[in-house]
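Below is one structure, written out as structure tokens, with a few remarks after it.
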Amino acid sequence: MLALGPEWEAAIRAEGEKAYPNECCGVLLGKLEDTAEGLEGGKRRVENIIPIENSREEAERYHRFEIQPEDLMRAELAARKAGRDVLGFYHSHPDHPAKPSDFDREHALPFYSYVIAGVNKGRAGELTSWELAPDRANFLEEEIWR
């Protein structure tokens with residue numbers, strides 16, 4: 001489960017609208033909350049986001065995003081300095097549903113949350129979150145606790 005407060009949901013939607021017609025992307029920072037099942041069954045609580053500039057070639061930005069390793073490293077260092085964890089990533093799907101593509105699956109890692117904001121004609125709509133199955137065969141929709 002992903003706990004995503006209204007301020008972070010609004011910020012992700014705004015990033016998607018700002019980047020339209022291209023994809024936006026960024027990193028989710030926060031805390032893993034332990035449960036009786038341990039961290040595996042725990043809730044991820046988003047406490048900040050770090051927008052990252054989409055580094056894909058201009059012609060591909062409308063349907064793909066890429067985060068450079070140095071940008072991810074900066075986000076991980078910011079998380080560590082703030083006593084937080086990298087919980088996952090967000091991006092937008094311009095004029096497409098907020099569901100992961102095969103490209104998203106091929107570039108994802110298990111454990112992380114992947115938030116997708118659908119942006120239709122410049123306006124953010126549906127917002128979903130996904131986790132990659134341990135066998136990497138597909139994504140499982142993750143409940144968003146608001």
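Ligands are numbered from 1 in the order shown, chains are lettered A, B, ... in the order of the structure tokens, and residues start at 1 in each chain.
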- [ ] Identify, on the basis of only C-alpha atoms, every residue whose closest approach to Thr128 of chain A does not exceed 7 Å; exclude the query and any residue fewer than 3 positions from it along the same chain; express the result as a ChimeraX atom specification.
- [x] /A:98,115-117
Excluding segment 93-97 of chain A and any residue of its chain fewer than 6 positions from it, enumerate the residues within 10 Å of it, using only C-alpha atoms, and give them as a tab-separated table (two decimals) with C-alpha atoms, in the first residue's frame.
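Dumped to out.tsv:
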chain	number	residue	atom	x	y	z
A	16	GLY	CA	2.35	15.79	-15.54
A	17	GLU	CA	0.41	18.80	-16.80
A	19	ALA	CA	5.45	18.37	-18.99
A	20	TYR	CA	2.54	17.67	-21.38
A	21	PRO	CA	2.68	16.55	-24.18
A	22	ASN	CA	5.79	14.80	-22.88
A	23	GLU	CA	6.16	12.45	-19.93
A	24	CYS	CA	7.28	13.82	-16.60
A	61	ARG	CA	9.64	12.15	-24.48
A	62	TYR	CA	5.95	12.00	-25.37
A	63	HIS	CA	5.82	8.28	-24.67
A	64	ARG	CA	8.97	7.41	-22.69
A	65	PHE	CA	10.92	8.70	-19.73
A	116	ILE	CA	1.43	6.84	-13.07
A	117	ALA	CA	-0.63	9.96	-13.77
A	118	GLY	CA	-2.79	9.89	-16.85
A	119	VAL	CA	-2.75	13.28	-18.58
A	120	ASN	CA	-5.40	13.73	-21.25
A	121	LYS	CA	-5.15	16.79	-23.50
A	122	GLY	CA	-3.03	18.56	-20.90
A	123	ARG	CA	-5.23	17.79	-17.87
A	124	ALA	CA	-4.23	15.23	-15.26
A	125	GLY	CA	-6.83	12.59	-14.54
A	126	GLU	CA	-6.48	9.09	-13.17
A	127	LEU	CA	-3.57	8.41	-10.83
A	128	THR	CA	-2.57	4.81	-10.08
Open item on the list: Considering only helix (DSSP H, G or I) as DSSP defines it on the backbone, what residues of chain A qualify? List them as a PyMOL selection string.
Closed with: chain A and resi 6-19+39-41+58-60+69-81+102-106
TODO: For Asp135 of chain A, list every protein, DNA or RNA residue within 12 Å, evaluated using only C-alpha atoms, and leave out those in the same chain fewer than 4 positions away; present the list as a list in words.
DONE: Arg105, Glu106, Ala108, Leu109, Pro110, Phe111, Glu131, Phe139 and Leu140 of chain A
Based on the selection just made, write N, CA and C atoms of those residues as an mmCIF file, in the first residue's frame.
data_model
loop_
_atom_site.group_PDB
_atom_site.id
_atom_site.type_symbol
_atom_site.label_atom_id
_atom_site.label_comp_id
_atom_site.auth_asym_id
_atom_site.auth_seq_id
_atom_site.Cartn_x
_atom_site.Cartn_y
_atom_site.Cartn_z
ATOM 1 N N ARG A 105 7.418 -2.044 -17.660
ATOM 2 C CA ARG A 105 7.715 -3.320 -16.993
ATOM 3 C C ARG A 105 9.157 -3.745 -17.233
ATOM 4 N N GLU A 106 9.632 -3.587 -18.450
ATOM 5 C CA GLU A 106 10.993 -3.998 -18.791
ATOM 6 C C GLU A 106 12.056 -3.184 -18.044
ATOM 7 N N ALA A 108 11.515 -1.690 -14.922
ATOM 8 C CA ALA A 108 11.171 -1.579 -13.502
ATOM 9 C C ALA A 108 11.905 -2.636 -12.675
ATOM 10 N N LEU A 109 11.919 -2.403 -11.372
ATOM 11 C CA LEU A 109 12.491 -3.351 -10.417
ATOM 12 C C LEU A 109 11.443 -3.684 -9.359
ATOM 13 N N PRO A 110 11.437 -4.935 -8.874
ATOM 14 C CA PRO A 110 10.510 -5.271 -7.791
ATOM 15 C C PRO A 110 10.791 -4.410 -6.560
ATOM 16 N N PHE A 111 9.843 -4.316 -5.701
ATOM 17 C CA PHE A 111 9.851 -3.597 -4.436
ATOM 18 C C PHE A 111 9.352 -2.167 -4.574
ATOM 19 N N GLU A 131 3.184 -2.137 -8.451
ATOM 20 C CA GLU A 131 4.407 -2.814 -8.009
ATOM 21 C C GLU A 131 4.712 -3.909 -9.014
ATOM 22 N N PHE A 139 2.854 -6.228 -13.670
ATOM 23 C CA PHE A 139 2.650 -5.302 -12.566
ATOM 24 C C PHE A 139 1.400 -5.684 -11.803
ATOM 25 N N LEU A 140 1.409 -5.417 -10.512
ATOM 26 C CA LEU A 140 0.247 -5.602 -9.654
ATOM 27 C C LEU A 140 -0.183 -4.218 -9.192
#
Open item on the list: Quick one: residues within 12 Å of Gly83 of chain A, only C-alpha atoms, excluding same-chain residues fewer than 2 positions away - as a list in words?
Closed with: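 That gives Leu29, Gly30, Lys31, Leu32, Glu47, Asn48, Glu76, Leu77, Ala78, Ala79, Arg80, Lys81, Asp85 and Val86 of chain A.
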Would you save the residues from that selection as a compact mmCIF listing (two decimals), in the first residue's frame, using C-alpha atoms?
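The resulting file, result28.txt, is shown below:
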# COMPACT_ATOMS: atom_id res chain seq x y z
CA LEU A 29 10.77 9.72 -0.97
CA GLY A 30 9.42 8.67 2.39
CA LYS A 31 9.34 5.98 5.01
CA LEU A 32 8.62 2.28 5.04
CA GLU A 47 6.82 12.43 2.43
CA ASN A 48 8.37 14.23 -0.52
CA GLU A 76 19.17 8.77 -3.03
CA LEU A 77 21.63 11.11 -1.30
CA ALA A 78 18.86 13.63 -0.58
CA ALA A 79 16.73 10.83 0.86
CA ARG A 80 19.54 9.58 3.06
CA LYS A 81 20.37 13.10 4.28
CA ASP A 85 14.05 6.08 1.69
CA VAL A 86 13.56 6.02 -2.06
Task: Å distance separating atom CA of Glu58 of chain A from atom CA of Phe103 of chain A, one decimal place - done: 17.4 Å
